[in-house]
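One structure is given here, and the rest of the page talks about it.
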2 protein chains.
Amino acid sequence: MLKEYERSPESMSREQRKEETKRYQKGLTARQQPLRAARLPVIVLIEGWAAAGKGTLINDLISEIDPRFASVFSADRALQGSERYPFLYPYFNAIPEEGKILFMDSGWMEETVRGAVAGELDGEECELYLRSVNRFERQLRDNGYLLIKIFVDISRKEQKKRLEALRDDENTAWRVTDADRWQNKEYDAFREAYGEFMERTGDVFAWHVMDGGSKAALRHDAFRLICEEVDAALERGKYNGEPFEEEFPMTEPPRLEDADLSLSLSDEEYKTELKALQKRLGELHNTVYRMGIPVVICYEGWDAAGKGGNIRRLAYPLDPRGFDVYPIASPEPHELSRHYLWRFYQRLPRTGHVAIFDRTWYGRVMVERIEGYCTENDWKRAYNEINEFEEDLYDWGAVVLKFWIHVDQDTQLQRFTERQENPDKRWKITDEDWRNREKWPQYEEAIGEMLEKTSTVYAPWHIIESRDKKYARVKVLRLTVEALEEAIAEREELNG
Amino acid sequence: MLKEYERSPESMSREQRKEETKRYQKGLTARQQPLRAARLPVIVLIEGWAAAGKGTLINDLISEIDPRFASVFSADRALQGSERYPFLYPYFNAIPEEGKILFMDSGWMEETVRGAVAGELDGEECELYLRSVNRFERQLRDNGYLLIKIFVDISRKEQKKRLEALRDDENTAWRVTDADRWQNKEYDAFREAYGEFMERTGDVFAWHVMDGGSKAALRHDAFRLICEEVDAALERGKYNGEPFEEEFPMTEPPRLEDADLSLSLSDEEYKTELKALQKRLGELHNTVYRMGIPVVICYEGWDAAGKGGNIRRLAYPLDPRGFDVYPIASPEPHELSRHYLWRFYQRLPRTGHVAIFDRTWYGRVMVERIEGYCTENDWKRAYNEINEFEEDLYDWGAVVLKFWIHVDQDTQLQRFTERQENPDKRWKITDEDWRNREKWPQYEEAIGEMLEKTSTVYAPWHIIESRDKKYARVKVLRLTVEALEEAIAEREELNG
């Protein structure tokens, strides 16, 4: 059952409520600047029944806010075009920058509940969605977001009346969808599902059920709630979540010290194997495309370890219509002012496509850790957050491969020197590379910890011995071919 | 007829050609750094017949290039999801940053020719597409881009053979589409249309027809061409096009000095009119949504003229699922390193949606002009480029409205002072605002020129007298209501 949100005191007159609403509305406007100064990002999620007045409420809420600080998310719109992406994709992509407010016209609750009631999601899928939701909300909190969740409640009878009124007006008739009418028919099932959803997702950020029967009361209660929540958040200061570790299915993590860098291939072996593996990969790319399997390939490695050349050999047999290579540099301002995984959500492949990342989200536990670009809580928490992110990719059906392109310090020095001496390659080497090189031991420690804490069975790390670049290229190709073959076989089995 | 691209000299042996190809390939890799240093953006457009080998050629071309410098555009992919946007949308959105190369697996030629041969575009629409293409390519050139255009030619017989071979392999069969088979059937019509397209779009950047019959020759010729073109561009230096003016259908431009800033509304009038107009706008928003009319609303104006409050009153009655407000600040690095209109292409509304811009592309001829953020050629050329951009929006079916929110210097000073004295509003006023204020006469000149040169009949400027903000809000609402009513009436007439 839906709990009742504390109503305005019964004794309050219309006039009083109107006055108070105005006061809170002005209050919200006045809080823009403190929010900005505190760099606090705010998400106001408005869920609720069709025709409950969510849109109108949002228009009221934003009506006095400077458009530079507020934006509106519409699930109806965001879900068009996100069918080929993971569940959280449209929501993660919508999160606001620091100091700004996003108002959401329904979101992850509606998608889950509708899917459940319609039978499009089975029990297991619902559990995965709920898990994703709870992790997402916790990650938002831990990364400093304030999330305010409102559910606008109306009765079956009221909903029916409103849908009929919309339908009877020729200007609004098209807005009443079959899905809306069906919701009214299945009102009881929805009510139960909404209730269960709220019960199971109320721990990190509480749900606030509000009565949509009276527009004036709804406005009043929503403005009041937002002001109160913002004040509390400003008082607490920006939250920076403590690290913690959930359990994930882990593989034996590879260790840098075990890598045998003497591994090599002759020119002849290289040529033969490269050709055969590339041919095979080209075929497999066709198959994963046809089957709609998304593929995420992550490259990390020492400077001058040979990532670029390795990526080129891997990409060569892929159909350009079906893959992208994303070089990841320092974040730009609009990226830096959001959850650090946001810029990777923006680059996820569609089903059937391949995304190759030249450096990745693991920057959080390497360069950002070592250079102090984030807090200790941040990078320590990131292992878990990254495992969650990659598990979501896996649950969506993605193949996730992670390669650490490895060389020893001497090899790196030799390549740095070669680059320095070759006018065509000199630009590839910067002062920063030399500075990073001095931090080799710190990086070694960070890499070791990363390999240990993020080698999950669904997204394992592979150390690629790259003193001999030929060997490294063939190994990456072989691992990729094997992983795709396995995924295709699994999918075929699943499809019978 | 398709012209022949100069083939490799007949006397060249296979071995020689292979050697030379390798040399050019290395040469392209070696040119990465000079391109980066010269901040030169390069687009290599590969058009041609289905199964001509465009994808394979692109993979060859990128195989030795650092993925940080090259990206690939696939028209197949980009056109999915761009149906509700203007013709140039997927292409403009794909343009690379300075110093980077984009390889395009077909683009605006294929879309136009296919549309023409299939009869999906009538003669008039084809002409508009050709005009857009020529303007787009010229704008690219004038803004420093190098565009290299290759058409890969194969015979009807060769195409048939290749399509059959693809079809006979179970791994590739799905890649042969009905459209490909239909092209082979309609080979002659396509040949003529390709020829005409090239003839009519070869003035700014020349077309290079290459024989797709031999993969080795194609590789050789393409590498050679790209190296030669890049060298020539590096030698010329980054092109900065001269300003020039095409003729556009103009309206009588409004003049700042004619604005009557004493215009005002009583509180009573304001309340009544605001309410009525907002109600009407809400209804019209439903209608434009249903009819799929895109709406672009541009706000410019003096600091403290009241843009924010005006926008909020306009947005209030709009359905949040159908509009966005885009505050436009200084460009971020990835925006600054592309054509200045790129970041606005990224924010165009879909059909049926409303985009409200709080400051716009007119920054080019105001702040960028006055602060010297672009060259004199740049801002002088921009009037024409902007007229072209807005004409494309109009041809696509958009309603384009441009408001200059106007106050006098005394009013501005008064509002600045008020803001300074009000702790809740102090953040709204910055040192920059005071500095801009000192440049009032320069801005006045720039605004006058802007109004004069960009008041087209399809995207007219309106001066909004805003000493009385109430008057200004009602005027914007009224103009918007009128424009939407007109557009809806036109559309209804068109649809019979």
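We name chains A, B, ... following the order of the structure tokens; residues begin at 1 in each chain, and ligands are numbered from 1 as shown.
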
Neighbours of chain B in chain A at 7 Å, counting only C-alpha atoms, as a ChimeraX atom specification | /A:30,33,55,59,63-64,66-68,72,74,76-77,81,171-172,283,286-287,308,312,316,319-321,325,327,424,427

List the neighbours of region 137-154 of chain B out to 6 Å using only C-alpha atoms; skip same-chain residues closer than 2 positions along the sequence, and give me the result as JSON, numbers by chain.
-> {"B": [41, 42, 43, 44, 45, 46, 47, 48, 134, 135, 207, 208, 209, 210, 211, 212, 213, 238, 239, 240, 241]}

Export of the given selection (N, CA, C and O atoms) as an mmCIF file, in the first residue's frame:
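Heads up, here's the output in part.cif:
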data_model
loop_
_atom_site.group_PDB
_atom_site.id
_atom_site.type_symbol
_atom_site.label_atom_id
_atom_site.label_comp_id
_atom_site.auth_asym_id
_atom_site.auth_seq_id
_atom_site.Cartn_x
_atom_site.Cartn_y
_atom_site.Cartn_z
ATOM 1 N N PRO B 41 41.325 20.670 -39.244
ATOM 2 C CA PRO B 41 40.405 19.531 -39.223
ATOM 3 C C PRO B 41 40.186 18.997 -40.643
ATOM 4 O O PRO B 41 40.061 19.785 -41.584
ATOM 5 N N VAL B 42 40.150 17.669 -40.752
ATOM 6 C CA VAL B 42 40.045 17.046 -42.076
ATOM 7 C C VAL B 42 38.873 16.072 -42.115
ATOM 8 O O VAL B 42 38.680 15.281 -41.190
ATOM 9 N N ILE B 43 38.098 16.162 -43.181
ATOM 10 C CA ILE B 43 37.019 15.197 -43.394
ATOM 11 C C ILE B 43 37.291 14.476 -44.703
ATOM 12 O O ILE B 43 37.498 15.112 -45.731
ATOM 13 N N VAL B 44 37.334 13.156 -44.652
ATOM 14 C CA VAL B 44 37.476 12.363 -45.876
ATOM 15 C C VAL B 44 36.142 11.670 -46.105
ATOM 16 O O VAL B 44 35.759 10.773 -45.347
ATOM 17 N N LEU B 45 35.437 12.134 -47.125
ATOM 18 C CA LEU B 45 34.117 11.575 -47.424
ATOM 19 C C LEU B 45 34.259 10.515 -48.503
ATOM 20 O O LEU B 45 34.721 10.809 -49.608
ATOM 21 N N ILE B 46 33.889 9.295 -48.176
ATOM 22 C CA ILE B 46 33.965 8.204 -49.161
ATOM 23 C C ILE B 46 32.552 7.843 -49.580
ATOM 24 O O ILE B 46 31.792 7.264 -48.790
ATOM 25 N N GLU B 47 32.205 8.202 -50.791
ATOM 26 C CA GLU B 47 30.894 7.827 -51.318
ATOM 27 C C GLU B 47 31.084 6.742 -52.369
ATOM 28 O O GLU B 47 32.217 6.396 -52.710
ATOM 29 N N GLY B 48 30.008 6.207 -52.894
ATOM 30 C CA GLY B 48 30.140 5.206 -53.958
ATOM 31 C C GLY B 48 29.075 4.140 -53.869
ATOM 32 O O GLY B 48 28.211 4.169 -52.995
ATOM 33 N N ASN B 134 26.008 22.462 -50.879
ATOM 34 C CA ASN B 134 27.005 23.428 -51.348
ATOM 35 C C ASN B 134 27.323 24.482 -50.292
ATOM 36 O O ASN B 134 28.474 24.873 -50.111
ATOM 37 N N ARG B 135 26.288 24.901 -49.583
ATOM 38 C CA ARG B 135 26.523 25.873 -48.514
ATOM 39 C C ARG B 135 27.334 25.243 -47.374
ATOM 40 O O ARG B 135 28.229 25.868 -46.824
ATOM 41 N N TRP B 207 35.480 16.518 -56.599
ATOM 42 C CA TRP B 207 35.225 15.083 -56.466
ATOM 43 C C TRP B 207 36.366 14.290 -57.093
ATOM 44 O O TRP B 207 36.902 14.686 -58.124
ATOM 45 N N HIS B 208 36.678 13.170 -56.505
ATOM 46 C CA HIS B 208 37.690 12.278 -57.058
ATOM 47 C C HIS B 208 37.070 10.912 -57.263
ATOM 48 O O HIS B 208 36.782 10.207 -56.300
ATOM 49 N N VAL B 209 36.842 10.578 -58.531
ATOM 50 C CA VAL B 209 36.255 9.272 -58.830
ATOM 51 C C VAL B 209 37.374 8.248 -58.912
ATOM 52 O O VAL B 209 38.375 8.457 -59.604
ATOM 53 N N MET B 210 37.243 7.159 -58.187
ATOM 54 C CA MET B 210 38.280 6.131 -58.174
ATOM 55 C C MET B 210 37.681 4.792 -58.538
ATOM 56 O O MET B 210 36.543 4.494 -58.196
ATOM 57 N N ASP B 211 38.502 3.983 -59.194
ATOM 58 C CA ASP B 211 38.066 2.669 -59.642
ATOM 59 C C ASP B 211 38.057 1.690 -58.471
ATOM 60 O O ASP B 211 39.101 1.401 -57.887
ATOM 61 N N GLY B 212 36.865 1.175 -58.120
ATOM 62 C CA GLY B 212 36.764 0.213 -57.033
ATOM 63 C C GLY B 212 36.992 -1.216 -57.486
ATOM 64 O O GLY B 212 36.898 -2.148 -56.684
ATOM 65 N N GLY B 213 37.283 -1.378 -58.782
ATOM 66 C CA GLY B 213 37.450 -2.735 -59.313
ATOM 67 C C GLY B 213 38.672 -3.429 -58.739
ATOM 68 O O GLY B 213 38.677 -4.643 -58.543
ATOM 69 N N LYS B 238 45.713 27.349 -42.587
ATOM 70 C CA LYS B 238 44.284 27.210 -42.310
ATOM 71 C C LYS B 238 43.501 28.313 -43.011
ATOM 72 O O LYS B 238 43.785 29.494 -42.831
ATOM 73 N N TYR B 239 42.538 27.924 -43.782
ATOM 74 C CA TYR B 239 41.790 28.878 -44.581
ATOM 75 C C TYR B 239 40.793 29.648 -43.728
ATOM 76 O O TYR B 239 40.126 29.081 -42.883
ATOM 77 N N ASN B 240 40.719 30.920 -43.949
ATOM 78 C CA ASN B 240 39.772 31.753 -43.218
ATOM 79 C C ASN B 240 38.993 32.560 -44.246
ATOM 80 O O ASN B 240 39.446 33.580 -44.738
ATOM 81 N N GLY B 241 37.803 32.040 -44.587
ATOM 82 C CA GLY B 241 37.061 32.580 -45.728
ATOM 83 C C GLY B 241 36.730 34.054 -45.637
ATOM 84 O O GLY B 241 36.429 34.567 -44.563
#

Those in region 240-423 of chain A with strand (DSSP E) from DSSP, as a ChimeraX atom specification | /A:295-301,323-327,354-358,399-406

Those selected residues, please, written with N, CA and C atoms and delivered as a compact mmCIF listing (two decimals), in the first residue's frame.
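What ended up in out-v8.txt:
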# COMPACT_ATOMS: atom_id res chain seq x y z
N VAL A 295 29.61 -5.03 -27.26
CA VAL A 295 30.96 -5.41 -26.86
C VAL A 295 31.69 -4.16 -26.35
N VAL A 296 32.27 -4.27 -25.16
CA VAL A 296 33.00 -3.16 -24.55
C VAL A 296 34.43 -3.62 -24.30
N ILE A 297 35.38 -2.97 -24.97
CA ILE A 297 36.78 -3.39 -24.83
C ILE A 297 37.58 -2.25 -24.21
N CYS A 298 38.23 -2.55 -23.10
CA CYS A 298 38.93 -1.52 -22.32
C CYS A 298 40.44 -1.70 -22.44
N TYR A 299 41.12 -0.64 -22.83
CA TYR A 299 42.58 -0.65 -22.85
C TYR A 299 43.12 0.27 -21.76
N GLU A 300 43.96 -0.30 -20.93
CA GLU A 300 44.76 0.51 -20.02
C GLU A 300 46.20 0.03 -20.19
N GLY A 301 47.15 0.78 -19.72
CA GLY A 301 48.54 0.33 -19.85
C GLY A 301 49.52 1.46 -19.60
N PHE A 323 31.60 -0.08 -35.07
CA PHE A 323 32.46 0.10 -33.89
C PHE A 323 32.92 1.54 -33.76
N ASP A 324 33.33 1.90 -32.55
CA ASP A 324 33.93 3.21 -32.29
C ASP A 324 35.13 3.04 -31.38
N VAL A 325 36.14 3.87 -31.61
CA VAL A 325 37.26 3.92 -30.68
C VAL A 325 37.15 5.24 -29.92
N TYR A 326 37.17 5.18 -28.60
CA TYR A 326 37.05 6.39 -27.80
C TYR A 326 38.34 6.66 -27.05
N PRO A 327 39.13 7.62 -27.50
CA PRO A 327 40.31 8.02 -26.73
C PRO A 327 39.82 8.82 -25.53
N VAL A 354 30.49 -2.36 -31.14
CA VAL A 354 31.71 -2.52 -30.35
C VAL A 354 32.22 -1.15 -29.95
N ALA A 355 32.51 -0.94 -28.67
CA ALA A 355 33.15 0.30 -28.23
C ALA A 355 34.53 -0.06 -27.67
N ILE A 356 35.55 0.56 -28.23
CA ILE A 356 36.90 0.33 -27.74
C ILE A 356 37.34 1.59 -27.00
N PHE A 357 37.69 1.44 -25.74
CA PHE A 357 38.11 2.60 -24.95
C PHE A 357 39.63 2.62 -24.80
N ASP A 358 40.24 3.68 -25.29
CA ASP A 358 41.68 3.88 -25.14
C ASP A 358 41.87 4.70 -23.86
N VAL A 399 29.61 -8.17 -23.71
CA VAL A 399 30.90 -8.78 -23.49
C VAL A 399 31.82 -7.64 -23.03
N VAL A 400 32.44 -7.80 -21.86
CA VAL A 400 33.34 -6.77 -21.35
C VAL A 400 34.74 -7.35 -21.22
N LEU A 401 35.70 -6.74 -21.93
CA LEU A 401 37.09 -7.23 -21.91
C LEU A 401 38.00 -6.11 -21.43
N LYS A 402 38.95 -6.45 -20.56
CA LYS A 402 39.83 -5.41 -20.02
C LYS A 402 41.29 -5.83 -20.17
N PHE A 403 42.04 -5.03 -20.89
CA PHE A 403 43.43 -5.36 -21.17
C PHE A 403 44.38 -4.38 -20.49
N TRP A 404 45.31 -4.90 -19.74
CA TRP A 404 46.40 -4.07 -19.22
C TRP A 404 47.63 -4.32 -20.11
N ILE A 405 48.00 -3.31 -20.89
CA ILE A 405 49.12 -3.47 -21.82
C ILE A 405 50.39 -3.18 -21.02
N HIS A 406 51.21 -4.22 -20.92
CA HIS A 406 52.28 -4.20 -19.92
C HIS A 406 53.68 -4.19 -20.53

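Using only C-alpha atoms, the nearest neighbour of Arg478 (chain B) within the list B:Glu493, B:Asp303, B:Glu273, B:Glu164 is B:Glu273.
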
Between CA of Glu385 (chain A) and CA of Leu348 (chain A) - distance in Å to one decimal | 16.7 Å

Would you return as a VMD selection string the members of region 48-109 of chain B that DSSP assigns to helix (DSSP H, G or I) on this structure's backbone?
-> chain B and resid 54 to 62 75 to 79 89 to 92 108 to 109

Now that the selection is made, can you save its residues with C-alpha atoms as an mmCIF file, in the first residue's frame?
data_model
loop_
_atom_site.group_PDB
_atom_site.id
_atom_site.type_symbol
_atom_site.label_atom_id
_atom_site.label_comp_id
_atom_site.auth_asym_id
_atom_site.auth_seq_id
_atom_site.Cartn_x
_atom_site.Cartn_y
_atom_site.Cartn_z
ATOM 1 C CA LYS B 54 34.063 1.764 -48.959
ATOM 2 C CA GLY B 55 34.215 0.114 -45.539
ATOM 3 C CA THR B 56 37.317 -1.898 -46.363
ATOM 4 C CA LEU B 57 38.984 1.182 -47.778
ATOM 5 C CA ILE B 58 38.275 3.135 -44.607
ATOM 6 C CA ASN B 59 39.712 0.348 -42.492
ATOM 7 C CA ASP B 60 42.845 0.442 -44.632
ATOM 8 C CA LEU B 61 43.062 4.199 -44.334
ATOM 9 C CA ILE B 62 42.774 4.251 -40.553
ATOM 10 C CA ALA B 75 25.850 7.005 -42.497
ATOM 11 C CA ASP B 76 23.922 3.773 -41.955
ATOM 12 C CA ARG B 77 24.202 4.291 -38.278
ATOM 13 C CA ALA B 78 23.906 8.066 -38.102
ATOM 14 C CA LEU B 79 20.704 8.132 -40.113
ATOM 15 C CA TYR B 89 21.904 17.273 -38.840
ATOM 16 C CA PRO B 90 23.784 13.941 -38.805
ATOM 17 C CA TYR B 91 26.614 15.360 -40.891
ATOM 18 C CA PHE B 92 27.046 18.637 -39.070
ATOM 19 C CA TRP B 108 25.075 13.655 -47.853
ATOM 20 C CA MET B 109 25.606 12.461 -51.441
#

Between A:His462, A:Leu413, A:Gln420, A:Trp342, which is the closest to Ile386 (chain A) once you count only C-alpha atoms?
->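 Result for the nearest residue to Ile386 (chain A): A:Trp342.
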
Can you tell me how far CA of Lys475 (chain B) sits from CA of Trp302 (chain B), in Å to one decimal?
->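 So the two atoms, CA of Lys475 (chain B) and CA of Trp302 (chain B), lie 17.1 Å apart.
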
Pick out the residues sitting within 12 Å of Phe197 (chain A), and hand them over as a ChimeraX atom specification; count only C-alpha atoms, and ignore anything fewer than 5 positions along from it in its own chain.
-> /A:1-2,47-48,108-114,116-117,126-127,129-131,133-134,151,190-192,202-203,206-207

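Residue nearest Ile447 (chain B) within the list B:Leu477, B:Arg467, B:Gln346, B:Pro254: B:Pro254 [criterion: smallest interatomic distance, only C-alpha atoms].
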
Region 19-26 of chain A surroundings by only C-alpha atoms, 9 Å radius, close-in-sequence under 3 positions cut, as a PyMOL selection string | chain A and resi 14-16+29-31+61+64+216-217+219-221+223-224+226-227

Please provide as a ChimeraX atom specification all residues within 12 Å of region 242-249 of chain A, with the sequence filter that same-chain residues fewer than 6 positions apart are discarded (counting only C-alpha atoms).
-> /A:135,138-139,141-144,375-391,452-460

Rounded to one decimal in Å, what is the spacing between CA of Ile370 (chain B) and CA of Gln442 (chain B)?
->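 Interatomic distance, CA of Ile370 (chain B) to CA of Gln442 (chain B): 7.1 Å.
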
In terms of the shortest atom-to-atom distance over only C-alpha atoms, which of B:Gln414, B:Ser466, B:Thr351, B:Gln159 is closest to Glu83 (chain B)?
->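 The shortest atom-to-atom distance to Glu83 (chain B) comes from B:Thr351.
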